[in-house]
Every structure is written in structure tokens, then in C-alpha cells.
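Source file start_25.cif; content: mmCIF, C-alpha atoms.
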data_input
loop_
_atom_site.label_atom_id
_atom_site.label_comp_id
_atom_site.auth_asym_id
_atom_site.auth_seq_id
_atom_site.Cartn_x
_atom_site.Cartn_y
_atom_site.Cartn_z
CA MET T 1 -25.24 -6.19 -9.88
CA ILE T 2 -22.66 -3.61 -10.90
CA LYS T 3 -23.29 -0.16 -9.48
CA ASN T 4 -21.95 2.97 -11.17
CA ILE T 5 -20.97 5.62 -8.63
CA THR T 6 -19.99 9.01 -10.03
CA GLN T 7 -17.71 11.54 -8.37
CA GLU T 8 -20.77 13.73 -7.76
CA ALA T 9 -22.38 10.88 -5.88
CA ILE T 10 -19.21 10.32 -3.83
CA LEU T 11 -19.06 14.00 -2.90
CA ALA T 12 -22.73 13.88 -1.89
CA PHE T 13 -22.23 10.87 0.43
CA GLU T 14 -22.55 11.42 4.20
CA LYS T 15 -19.01 12.10 5.51
CA ASN T 16 -18.36 8.81 7.34
CA TYR T 17 -19.87 6.80 4.50
CA ARG T 18 -17.61 8.58 2.00
CA THR T 19 -14.52 8.09 4.18
CA ASN T 20 -15.22 4.36 4.56
CA PHE T 21 -15.97 3.93 0.88
CA VAL T 22 -13.04 5.84 -0.62
CA ASN T 23 -10.56 4.43 1.91
CA SER T 24 -11.57 0.93 0.77
CA LEU T 25 -11.08 1.63 -2.94
CA SER T 26 -7.30 1.55 -3.05
CA GLY T 27 -7.27 -2.14 -2.03
CA TYR T 28 -5.28 -3.96 0.64
CA LYS T 29 -2.92 -1.99 2.86
CA SER T 30 0.16 -2.61 4.93
CA LEU T 31 -0.26 -2.18 8.69
CA SER T 32 2.59 -0.69 10.68
CA LEU T 33 3.22 0.92 14.01
CA ILE T 34 5.54 3.88 13.66
CA GLY T 35 7.67 4.54 16.75
CA THR T 36 9.25 7.93 17.41
CA GLN T 37 10.53 10.08 20.25
CA ASN T 38 11.15 13.78 20.65
CA LYS T 39 14.48 15.28 21.75
CA ALA T 40 13.39 15.10 25.38
CA GLY T 41 12.89 11.34 25.00
CA GLN T 42 9.06 11.33 25.09
CA GLN T 43 7.99 8.33 23.00
CA ASN T 44 5.10 8.07 20.58
CA LEU T 45 3.58 5.12 18.75
CA ALA T 46 0.92 5.32 16.05
CA ILE T 47 -0.68 2.93 13.58
CA PHE T 48 -0.37 3.70 9.85
CA ASN T 49 -1.91 1.80 6.95
CA SER T 50 0.00 3.66 4.26
CA VAL T 51 3.59 2.38 4.35
CA PHE T 52 4.78 1.53 0.84
CA HIS T 53 7.88 0.33 -1.01
CA VAL T 54 9.91 3.02 -2.78
CA GLY T 55 13.15 1.35 -3.85
CA ALA T 56 15.56 -1.48 -3.08
CA ASN T 57 18.93 0.14 -3.85
CA PRO T 58 19.26 2.29 -1.82
CA PRO T 59 16.55 0.70 0.38
CA LEU T 60 13.81 3.32 0.67
CA ILE T 61 10.37 3.17 2.27
CA GLY T 62 7.56 5.74 2.35
CA PHE T 63 4.30 6.51 4.09
CA VAL T 64 1.43 8.96 3.67
CA ALA T 65 0.75 11.37 6.51
CA ARG T 66 -2.30 13.56 6.92
CA PRO T 67 -1.00 16.49 8.97
CA SER T 68 -4.44 17.51 10.20
CA GLU T 69 -4.86 14.51 12.45
CA ASN T 70 -3.57 14.69 15.94
CA TYR T 71 -1.93 11.29 16.36
CA GLU T 72 -0.09 11.68 13.12
CA ARG T 73 1.17 15.15 13.94
CA HIS T 74 3.14 13.81 16.90
CA THR T 75 4.74 11.24 14.63
CA ILE T 76 5.72 13.76 11.96
CA GLU T 77 6.90 16.34 14.49
CA ASN T 78 9.18 13.80 16.13
CA ILE T 79 10.54 12.58 12.80
CA LEU T 80 11.35 16.11 11.69
CA GLU T 81 12.88 16.86 15.11
CA THR T 82 15.17 13.80 15.41
CA GLY T 83 15.42 12.46 11.85
CA PHE T 84 14.73 8.87 12.94
CA TYR T 85 11.78 6.50 13.31
CA THR T 86 10.91 2.81 13.39
CA ILE T 87 8.40 0.90 11.27
CA ASN T 88 7.09 -2.23 13.01
CA HIS T 89 4.75 -4.68 11.26
CA VAL T 90 1.44 -5.20 13.02
CA GLY T 91 0.95 -8.86 13.99
CA LEU T 92 -2.09 -11.10 14.30
CA ASP T 93 -1.45 -11.39 18.04
CA PHE T 94 -1.65 -7.66 18.83
CA TYR T 95 -3.67 -5.88 16.12
CA GLU T 96 -6.38 -4.73 18.54
CA LYS T 97 -3.74 -2.95 20.66
CA ALA T 98 -2.26 -1.49 17.48
CA HIS T 99 -5.68 -0.08 16.49
CA GLN T 100 -6.04 1.57 19.90
CA THR T 101 -2.86 3.68 19.31
CA ALA T 102 -5.00 5.78 16.95
CA ALA T 103 -6.77 7.38 19.93
CA ARG T 104 -5.77 10.98 20.60
CA TYR T 105 -3.45 10.43 23.53
CA ASP T 106 -1.83 13.42 25.11
CA ARG T 107 1.60 14.43 23.87
CA ASN T 108 3.11 13.56 27.27
CA SER T 109 1.77 10.04 27.48
CA SER T 110 3.27 7.06 25.68
CA GLU T 111 0.96 4.87 23.57
CA PHE T 112 3.19 1.91 24.48
CA ASP T 113 1.96 2.11 28.08
CA ALA T 114 -1.55 3.18 27.16
CA VAL T 115 -2.28 0.20 24.91
CA GLY T 116 0.04 -2.37 26.54
CA LEU T 117 2.78 -2.89 23.98
CA LYS T 118 6.42 -3.29 24.99
CA ASN T 119 8.94 -0.72 23.79
CA GLU T 120 12.45 -1.81 23.00
CA THR T 121 15.65 0.13 22.35
CA LEU T 122 18.02 -1.58 19.92
CA ASN T 123 21.59 -0.57 19.04
CA ASP T 124 21.06 2.87 20.62
CA PHE T 125 18.70 3.82 17.78
CA LYS T 126 16.95 7.14 18.46
CA ALA T 127 13.41 5.75 18.22
CA PRO T 128 11.63 2.93 20.05
CA PHE T 129 10.80 -0.44 18.48
CA VAL T 130 7.74 -2.59 19.24
CA SER T 131 9.05 -5.69 20.96
CA GLU T 132 6.08 -7.86 19.86
CA SER T 133 6.61 -7.17 16.13
CA ALA T 134 8.18 -9.88 13.92
CA ILE T 135 9.56 -7.33 11.43
CA LYS T 136 11.10 -4.11 12.80
CA ILE T 137 12.73 -1.51 10.59
CA ALA T 138 14.99 1.34 11.70
CA VAL T 139 14.52 4.28 9.32
CA LYS T 140 16.36 7.54 8.71
CA PHE T 141 14.30 10.45 7.37
CA LYS T 142 15.21 11.48 3.79
CA GLU T 143 12.55 13.79 2.37
CA LYS T 144 9.05 15.15 2.93
CA ILE T 145 7.00 15.60 -0.23
CA ASP T 146 3.79 17.60 -0.32
CA ILE T 147 0.85 16.55 -2.47
CA LYS T 148 -0.62 19.78 -3.82
CA SER T 149 -4.02 18.27 -4.59
CA ASN T 150 -5.03 17.94 -0.93
CA GLY T 151 -2.18 19.07 1.35
CA THR T 152 -1.23 15.54 2.38
CA SER T 153 2.47 14.72 2.83
CA ILE T 154 4.58 11.73 1.92
CA ILE T 155 7.55 10.90 4.13
CA ILE T 156 10.43 9.04 2.48
CA GLY T 157 13.07 7.30 4.60
CA GLU T 158 16.13 5.16 4.17
CA ILE T 159 16.23 1.71 5.81
CA VAL T 160 19.11 1.73 8.29
CA GLU T 161 18.63 -1.67 9.86
CA VAL T 162 16.11 -4.53 9.99
CA TYR T 163 15.27 -6.90 12.84
CA ILE T 164 13.43 -9.92 11.52
CA LYS T 165 12.60 -13.51 12.45
CA GLU T 166 15.20 -15.46 10.49
CA SER T 167 12.78 -18.31 9.72
CA VAL T 168 10.46 -16.09 7.61
CA ILE T 169 13.12 -15.24 5.00
CA ALA T 170 13.07 -17.58 1.98
CA GLU T 171 16.22 -18.72 0.18
CA ASP T 172 15.86 -15.98 -2.44
CA GLY T 173 15.28 -13.14 0.04
CA PHE T 174 11.45 -13.14 -0.13
CA VAL T 175 9.67 -12.66 3.19
CA ASN T 176 6.48 -14.66 3.64
CA LEU T 177 4.34 -12.16 5.55
CA SER T 178 1.74 -14.71 6.62
CA HIS T 179 4.53 -16.76 8.27
CA ALA T 180 5.63 -13.54 9.99
CA ASN T 181 2.24 -13.32 11.73
CA GLY T 182 1.25 -10.58 9.29
CA ILE T 183 -2.12 -8.96 8.89
CA ALA T 184 -3.38 -6.85 6.01
CA GLY T 185 -5.47 -3.70 6.31
CA GLY T 186 -8.49 -2.42 4.43
CA GLY T 187 -10.46 0.81 4.57
CA LEU T 188 -10.02 2.73 7.82
CA ASP T 189 -10.53 -0.02 10.35
CA ALA T 190 -10.49 -3.49 8.77
CA TYR T 191 -8.06 -6.34 9.49
CA TYR T 192 -7.59 -9.30 7.15
CA LYS T 193 -5.91 -12.62 7.87
CA THR T 194 -3.87 -13.88 4.89
CA GLU T 195 -2.55 -17.07 3.37
CA LEU T 196 0.11 -17.26 0.64
CA LEU T 197 -1.44 -18.67 -2.54
CA ALA T 198 1.43 -18.47 -5.01
CA ARG T 199 4.52 -16.72 -6.21
CA PHE T 200 5.09 -16.52 -9.95
CA SER T 201 8.27 -16.36 -12.01
CA TYR T 202 9.32 -13.15 -13.79
CA ALA T 203 6.85 -12.62 -16.65
CA LYS T 204 8.25 -12.90 -20.20
CA VAL T 205 6.56 -12.45 -23.57
CA GLY T 206 5.55 -15.77 -25.12
CA LYS T 207 6.44 -17.82 -22.03
CA GLY T 208 4.14 -19.38 -19.44
CA LEU T 209 4.54 -18.60 -15.73
CA ASP T 210 6.13 -21.01 -13.28
CA LYS T 211 5.20 -21.13 -9.63
CA ILE T 212 8.11 -20.38 -7.29
CA ASN T 213 8.57 -23.12 -4.61
CA MET P 214 15.75 -16.31 16.14
CA ILE P 215 15.81 -12.60 15.40
CA LYS P 216 18.31 -11.60 12.75
CA ASN P 217 19.77 -8.09 12.60
CA ILE P 218 20.39 -6.99 9.02
CA THR P 219 22.25 -3.70 8.57
CA GLN P 220 22.00 -1.39 5.56
CA GLU P 221 25.55 -2.43 4.63
CA ALA P 222 24.44 -6.06 4.54
CA ILE P 223 21.39 -5.15 2.40
CA LEU P 224 23.59 -3.27 -0.07
CA ALA P 225 25.96 -6.27 -0.23
CA PHE P 226 23.14 -8.75 -1.01
CA GLU P 227 23.02 -10.29 -4.50
CA LYS P 228 20.71 -8.07 -6.61
CA ASN P 229 17.69 -10.41 -6.89
CA TYR P 230 17.94 -11.36 -3.23
CA ARG P 231 18.01 -7.68 -2.25
CA THR P 232 15.06 -6.86 -4.52
CA ASN P 233 12.97 -9.69 -3.08
CA PHE P 234 13.90 -8.83 0.48
CA VAL P 235 13.38 -5.06 0.42
CA ASN P 236 10.19 -5.35 -1.66
CA SER P 237 8.77 -7.59 1.09
CA LEU P 238 9.58 -5.22 3.94
CA SER P 239 6.84 -2.67 3.36
CA GLY P 240 4.15 -5.28 4.09
CA TYR P 241 1.00 -6.19 2.18
CA LYS P 242 0.23 -4.41 -1.08
CA SER P 243 -2.78 -3.62 -3.19
CA LEU P 244 -2.90 -5.31 -6.60
CA SER P 245 -4.31 -3.39 -9.55
CA LEU P 246 -4.31 -3.48 -13.30
CA ILE P 247 -3.90 0.00 -14.73
CA GLY P 248 -5.55 0.45 -18.13
CA THR P 249 -4.53 3.24 -20.52
CA GLN P 250 -4.54 4.11 -24.19
CA ASN P 251 -2.56 6.54 -26.31
CA LYS P 252 -4.15 9.18 -28.55
CA ALA P 253 -4.17 6.75 -31.46
CA GLY P 254 -6.28 4.35 -29.35
CA GLN P 255 -3.58 1.72 -28.73
CA GLN P 256 -4.43 0.16 -25.37
CA ASN P 257 -2.07 -0.88 -22.58
CA LEU P 258 -2.63 -2.85 -19.39
CA ALA P 259 -0.08 -3.32 -16.60
CA ILE P 260 -0.08 -4.72 -13.09
CA PHE P 261 0.91 -2.42 -10.21
CA ASN P 262 1.29 -3.30 -6.54
CA SER P 263 1.69 0.27 -5.36
CA VAL P 264 -1.76 1.90 -5.54
CA PHE P 265 -2.53 3.75 -2.31
CA HIS P 266 -5.21 5.94 -0.73
CA VAL P 267 -4.52 9.70 -0.75
CA GLY P 268 -7.76 11.35 0.33
CA ALA P 269 -11.54 10.96 0.45
CA ASN P 270 -12.70 14.53 -0.22
CA PRO P 271 -11.87 15.12 -3.01
CA PRO P 272 -11.43 11.40 -3.74
CA LEU P 273 -7.74 10.98 -4.64
CA ILE P 274 -5.69 7.86 -5.34
CA GLY P 275 -1.96 7.46 -6.02
CA PHE P 276 0.58 4.95 -7.27
CA VAL P 277 4.35 4.65 -7.45
CA ALA P 278 5.93 4.36 -10.89
CA ARG P 279 9.51 3.43 -11.63
CA PRO P 280 10.14 5.12 -14.97
CA SER P 281 13.02 2.85 -15.89
CA GLU P 282 10.83 -0.19 -16.45
CA ASN P 283 9.39 -0.78 -19.84
CA TYR P 284 5.83 -1.79 -18.98
CA GLU P 285 5.43 1.13 -16.66
CA ARG P 286 6.78 3.60 -19.18
CA HIS P 287 3.88 2.82 -21.53
CA THR P 288 1.43 3.39 -18.70
CA ILE P 289 2.95 6.72 -17.67
CA GLU P 290 3.37 7.93 -21.25
CA ASN P 291 -0.27 7.22 -21.98
CA ILE P 292 -1.44 8.89 -18.77
CA LEU P 293 0.57 12.03 -19.51
CA GLU P 294 -0.69 11.98 -23.13
CA THR P 295 -4.42 11.58 -22.47
CA GLY P 296 -4.84 12.52 -18.79
CA PHE P 297 -6.96 9.45 -18.02
CA TYR P 298 -6.53 5.90 -16.75
CA THR P 299 -8.40 3.10 -15.03
CA ILE P 300 -7.50 1.22 -11.85
CA ASN P 301 -9.00 -2.29 -11.74
CA HIS P 302 -8.66 -4.55 -8.68
CA VAL P 303 -6.97 -7.87 -9.39
CA GLY P 304 -9.26 -10.80 -8.53
CA LEU P 305 -8.65 -14.32 -7.24
CA ASP P 306 -10.02 -15.69 -10.52
CA PHE P 307 -7.50 -13.96 -12.82
CA TYR P 308 -4.36 -13.09 -10.86
CA GLU P 309 -2.10 -15.31 -12.97
CA LYS P 310 -3.18 -13.40 -16.11
CA ALA P 311 -2.65 -10.14 -14.25
CA HIS P 312 0.93 -11.16 -13.36
CA GLN P 313 1.66 -11.93 -17.02
CA THR P 314 0.91 -8.29 -18.04
CA ALA P 315 4.30 -7.44 -16.50
CA ALA P 316 6.07 -9.01 -19.49
CA ARG P 317 7.65 -6.50 -21.87
CA TYR P 318 5.08 -6.55 -24.61
CA ASP P 319 5.63 -4.40 -27.65
CA ARG P 320 4.08 -0.96 -27.64
CA ASN P 321 1.78 -1.95 -30.51
CA SER P 322 0.31 -5.02 -28.88
CA SER P 323 -2.42 -4.97 -26.26
CA GLU P 324 -1.82 -6.88 -23.03
CA PHE P 325 -5.58 -7.54 -22.91
CA ASP P 326 -5.24 -9.84 -25.94
CA ALA P 327 -1.83 -11.16 -24.95
CA VAL P 328 -2.91 -12.43 -21.52
CA GLY P 329 -6.59 -13.12 -22.24
CA LEU P 330 -8.44 -10.44 -20.27
CA LYS P 331 -11.50 -8.67 -21.67
CA ASN P 332 -11.33 -4.92 -22.21
CA GLU P 333 -14.44 -2.85 -21.70
CA THR P 334 -15.29 0.74 -22.57
CA LEU P 335 -17.68 2.42 -20.15
CA ASN P 336 -19.38 5.80 -20.48
CA ASP P 337 -16.99 6.77 -23.29
CA PHE P 338 -14.13 7.01 -20.78
CA LYS P 339 -10.77 7.49 -22.53
CA ALA P 340 -9.13 4.40 -21.04
CA PRO P 341 -10.10 0.71 -21.06
CA PHE P 342 -11.48 -1.15 -18.03
CA VAL P 343 -10.89 -4.81 -17.17
CA SER P 344 -14.23 -6.53 -17.56
CA GLU P 345 -13.35 -9.34 -15.07
CA SER P 346 -12.58 -6.92 -12.21
CA ALA P 347 -15.11 -6.49 -9.35
CA ILE P 348 -13.91 -2.94 -8.56
CA LYS P 349 -13.10 -0.61 -11.47
CA ILE P 350 -12.09 3.00 -10.99
CA ALA P 351 -12.00 5.73 -13.66
CA VAL P 352 -9.24 8.20 -12.79
CA LYS P 353 -8.24 11.64 -14.05
CA PHE P 354 -4.55 12.58 -13.76
CA LYS P 355 -3.84 15.37 -11.26
CA GLU P 356 -0.11 15.58 -10.53
CA LYS P 357 3.21 13.78 -10.97
CA ILE P 358 5.56 14.05 -8.02
CA ASP P 359 9.22 13.11 -8.22
CA ILE P 360 11.02 11.46 -5.31
CA LYS P 361 14.50 12.98 -5.29
CA SER P 362 16.06 10.14 -3.29
CA ASN P 363 15.88 7.65 -6.17
CA GLY P 364 14.17 9.23 -9.20
CA THR P 365 10.91 7.31 -8.74
CA SER P 366 7.63 9.12 -9.45
CA ILE P 367 4.28 9.18 -7.73
CA ILE P 368 1.19 9.71 -9.85
CA ILE P 369 -1.82 11.28 -8.14
CA GLY P 370 -5.27 11.09 -9.70
CA GLU P 371 -8.83 12.06 -8.95
CA ILE P 372 -11.53 9.39 -8.88
CA VAL P 373 -14.05 10.24 -11.60
CA GLU P 374 -16.29 7.20 -11.39
CA VAL P 375 -16.43 3.76 -9.77
CA TYR P 376 -17.98 0.53 -11.05
CA ILE P 377 -18.45 -1.91 -8.22
CA LYS P 378 -20.44 -5.02 -7.30
CA GLU P 379 -23.24 -3.55 -5.20
CA SER P 380 -23.27 -6.54 -2.82
CA VAL P 381 -19.74 -5.85 -1.52
CA ILE P 382 -20.57 -2.39 -0.10
CA ALA P 383 -21.54 -2.47 3.59
CA GLU P 384 -24.24 -0.22 5.09
CA ASP P 385 -21.63 2.31 6.24
CA GLY P 386 -19.76 2.50 2.93
CA PHE P 387 -17.01 0.00 3.79
CA VAL P 388 -16.03 -2.39 1.00
CA ASN P 389 -15.18 -5.94 2.08
CA LEU P 390 -12.33 -6.73 -0.30
CA SER P 391 -12.40 -10.47 0.37
CA HIS P 392 -16.08 -10.52 -0.68
CA ALA P 393 -15.00 -8.64 -3.82
CA ASN P 394 -12.76 -11.56 -4.80
CA GLY P 395 -9.75 -9.52 -3.70
CA ILE P 396 -6.17 -10.68 -3.43
CA ALA P 397 -3.31 -9.00 -1.61
CA GLY P 398 0.25 -8.68 -2.88
CA GLY P 399 3.62 -9.11 -1.23
CA GLY P 400 7.18 -8.58 -2.41
CA LEU P 401 7.55 -8.60 -6.18
CA ASP P 402 5.58 -11.69 -7.10
CA ALA P 403 3.51 -13.02 -4.18
CA TYR P 404 -0.27 -13.39 -4.01
CA TYR P 405 -2.17 -13.79 -0.74
CA LYS P 406 -5.75 -14.93 -0.21
CA THR P 407 -7.49 -12.99 2.57
CA GLU P 408 -10.30 -13.32 5.06
CA LEU P 409 -11.82 -10.43 7.06
CA LEU P 410 -11.07 -10.91 10.76
CA ALA P 411 -12.52 -7.76 12.28
CA ARG P 412 -13.33 -4.11 11.99
CA PHE P 413 -12.91 -1.95 15.07
CA SER P 414 -14.68 1.20 16.20
CA TYR P 415 -12.94 4.59 16.16
CA ALA P 416 -10.28 4.51 18.89
CA LYS P 417 -10.81 6.84 21.87
CA VAL P 418 -8.68 7.48 24.94
CA GLY P 419 -9.92 5.51 27.95
CA LYS P 420 -12.50 3.53 25.99
CA GLY P 421 -12.38 -0.11 24.83
CA LEU P 422 -12.84 -1.00 21.17
CA ASP P 423 -16.05 -2.44 19.78
CA LYS P 424 -16.15 -4.76 16.81
CA ILE P 425 -18.16 -3.38 13.90
CA ASN P 426 -20.82 -5.86 12.64
#
Take the structure in the file and give it back as C-alpha cells.
Amino acid sequence: MIKNITQEAILAFEKNYRTNFVNSLSGYKSLSLIGTQNKAGQQNLAIFNSVFHVGANPPLIGFVARPSENYERHTIENILETGFYTINHVGLDFYEKAHQTAARYDRNSSEFDAVGLKNETLNDFKAPFVSESAIKIAVKFKEKIDIKSNGTSIIIGEIVEVYIKESVIAEDGFVNLSHANGIAGGGLDAYYKTELLARFSYAKVGKGLDKIN
Amino acid sequence: MIKNITQEAILAFEKNYRTNFVNSLSGYKSLSLIGTQNKAGQQNLAIFNSVFHVGANPPLIGFVARPSENYERHTIENILETGFYTINHVGLDFYEKAHQTAARYDRNSSEFDAVGLKNETLNDFKAPFVSESAIKIAVKFKEKIDIKSNGTSIIIGEIVEVYIKESVIAEDGFVNLSHANGIAGGGLDAYYKTELLARFSYAKVGKGLDKIN
């Protein structure tokens, strides 16, 4: 049965119920660990389910940051302080550890140690990578955009470098995320296993679609 | 083997290769059909893989729009003209039709007819819904934000009403997208089937995670 839920009803929901419900409505989400450090070298690692594609040329990537939440504030503070961060895909083999980074660890403790993930410095980049991740992206901060409607921010960065398992890149540049041990997010706390069903050719008027591969 | 790909290398890639590659890097994506109409009542339907969660209270939802592409221009023009649109989750049973909406159909033809999806008017809302979709969201335009780095826009809207299969909502408000016939996106043209692996409890310092359900 189809249920009709009005905005009034959503606003009247108990807080946790509303958060679970509305967070589910946008559909599947990317799952990333964002690695940063402050000028003193203190590292931070936090899970985000809001990384999104912004553009390919120049290569730009964004994420949504709610400044009111503790674990995210450390991330944003460090990004604004150093100008650099890493985006590391969450993998099937360590998603429980990734979830645990959301706990409100003290500013002076590293989530890498707390949850048992290995940090890695690559090419002297000024932010730590997650060694276990199959797709690691070095990012340079470009702009912070504020959403007036609710005070949330969007952080846009430029991709500086990528570290990726060579075997997951197809001949035409496509990356099969399920081959890269990928896992999709949903709501606030859900983890989905995936399997590639199909890729389709560029859609044209009056022409049927072909499957790619 | 781990491959290191620099920004210089990305910029030197052949255009389609670069587009496929960078579009894959942000991870899994939501897949939605956005329904609009202009003041004259001409309907438009277009697939987007960039819908994201913005906030639960008030319930806000966003998407990224590249104004240079034809099919998206109709969507944005209609949204700015009427102030209303619908976001309909793409389902496993009609994702090939959803992909075909990306073709550059003429302004005066409806993608509903062209690809064989059924339009539906609900509660006199000023934009058409996709009848086949298990999760349909009526949205009111709130703000358009421009990303300086590449001229892309982000459209933020307020959720006015939701039409959803009652059976997919869990006791705590969570929506199991794989029960809702959901399908995740990747890159420009990839479709992934999903299966819920786990939900974890709210992470706390010094406390192990529990599985929910």
C-alpha cells in the first residue's frame, strides 16, 4: 500500500524517526573516510556519506558538512587550516571500523588508532590516507559554500592525485566499484553490498540502448 | 597493483576516458527521475544521479545540475518557472527506461511517452510523478547555489510530501532501499543491484557497535 506522508507529518515525527526517514529518502550514498591533520600534525579520520561528483575537467569533488556535529567540525577545521584532505572509499572488509569513526573522539586522539585502521603518508601529501582503502583520493580545498536554508556547508575540492587498484579500471576509464570492494550507504547507518547489473550506451532519441561490455 | 594517477595525467586523458574515470571516483550514487512541467503544462522527465540529503528538519534535498546539458536545462528552466518538481526513485524494474530519458528529446515532447513510463498527478501538485516508482517525493524549490570552480549549480528544495510503499519503512523510520526495488548508480552509466548487509548503532567512544535488527 502506498502511504502519503505530508511535510506536517514529517515535522511531527519523533526526532530519531524523522532523521532515519528523511536521511533514507535521497537514495543510495557514497561512503568515504575523510582524512585530515591540523598544522601540528594531529590526524583526524571521519566517515561521510555525502561525497558527490562535481566535474571531470577540472576534476572536482564535493561533500556536505553539518558544522554542528563534533566529528565533522574537526574535519572542516583541519581542511580550512591546511587546505588539504584525503577521500578514501569505505570497503566491504572494514566498514564496521569506518562506522566507529563517527564517535566523538577527543581532538587529541587519532581515529586511526581508536578504530584500528592504518594511516599512510603518500608523496608527502599533507593529510593521511587509509591504507586499507582500494580508492584513495588526494584533494585540495577550493571553496566552501553555505546553504542558506539550513546552515549546512558544501566543501568543494580539486582532485590532486588518485591511488587506485589498477585492475578495477575498465578499458574506457570506468571504475567498477563492486570490484573495488565497494559498499553503498543508506540513511544514517545502513550498509549495502552491490553487484554491477549493467552499463548502458549514451542515450539518443529514436535509438535503442546497448549494454556496454 | 596500486596505480598512482596525478591530476596532470587525468587532464591528459582522452575526454570520454576522463569523464568515465572521474565520474566513478565519488562512489555510489542515488538514481532519480526528476519530473517537471512548464507553465503551459508541457511535462519533462530526466534522470539524475546526483540527488543528496541536505537536512531532516526542515526536510531538505539537493541535486547537482550542469546547466550546459540539454536535458538538464529543461528541468532547471521548469523548476525556476513553476517552483515545483518531483524526485522519483529509479527502480530495478524500469532502470533501462530511466536511462533513456537522458536522450535530447525536443522541448515539446514528453519523456514519459518517449520512454514508456506512466505519469501521475497527485494532490494537484504542479509537477508529474512517475507512477512506477516506489518512492516519490514532491519538492518545492528553495535556493539555487552556484559553484564558482566550474559553473555547476546545486538546487536545494524542501520536501512537501512523500508517496512511499508502506511496507518498506522500518519501525524506526529507516527505509530499506533494496526492499523498495532500489538501484544504485556509478559513473555515468552504471547500475548496481544492492542487498542490505547491516545497520549499526550510533557510534560512541569506548563502546562496541550493535547491529540494528
Selection dump of the PyMOL selection byres ((chain P) within 6 of (chain T)), as a PyMOL selection string: chain P and resi 214-220+230+232-235+237+239-243+265-266+269+313+315-316+373-379+385-388+397+402-413+416-418
Atomic separation - CA of Ala46 (chain T) relative to CA of Arg73 (chain T), Å: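 Taking CA of Arg73 (chain T) and CA of Ala46 (chain T), their separation equals 10.1 Å.
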Expected selection from the PyMOL selection byres ((chain T and resi 41) around 10), given as a list in words: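 That selection, the PyMOL selection byres ((chain T and resi 41) around 10), comes back as Thr36, Gln37, Asn38, Lys39, Ala40, Gln42, Gln43, Asn44, Asn78, Lys126, Ala127 and Pro128 of chain T.
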Å distance separating CA of Thr299 (chain P) from CA of Leu246 (chain P), one decimal place: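 Distance between the two atoms: 7.9 Å.
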Pick from P:Leu258, P:Ile368, P:Ile289, P:Ala393, whichever lies nearest to Lys331 (chain P) using only C-alpha atoms: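 Selected residue with least distance to Lys331 (chain P): P:Leu258.
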Shortest interatomic distance to His392 (chain P) - which of P:Arg320, P:Val352, P:Gly329, P:Gly304, counting all atoms listed in the file: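 Closest to His392 (chain P), using all atoms listed in the file: P:Gly304.
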As JSON, what would the box around region 324-339 of chain P look like: edges along x, y and z, 8 Å added on every side, centre and edge lengths in Å to one decimal?
{"center_x": -10.6, "center_y": -2.8, "center_z": -23.0, "size_x": 33.6, "size_y": 36.6, "size_z": 21.8}
Point-to-point distance from CA of Glu120 (chain T) to CA of Glu81 (chain T), Å rounded to tenths: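 Pair CA of Glu120 (chain T) / CA of Glu81 (chain T) returns 20.3 Å.
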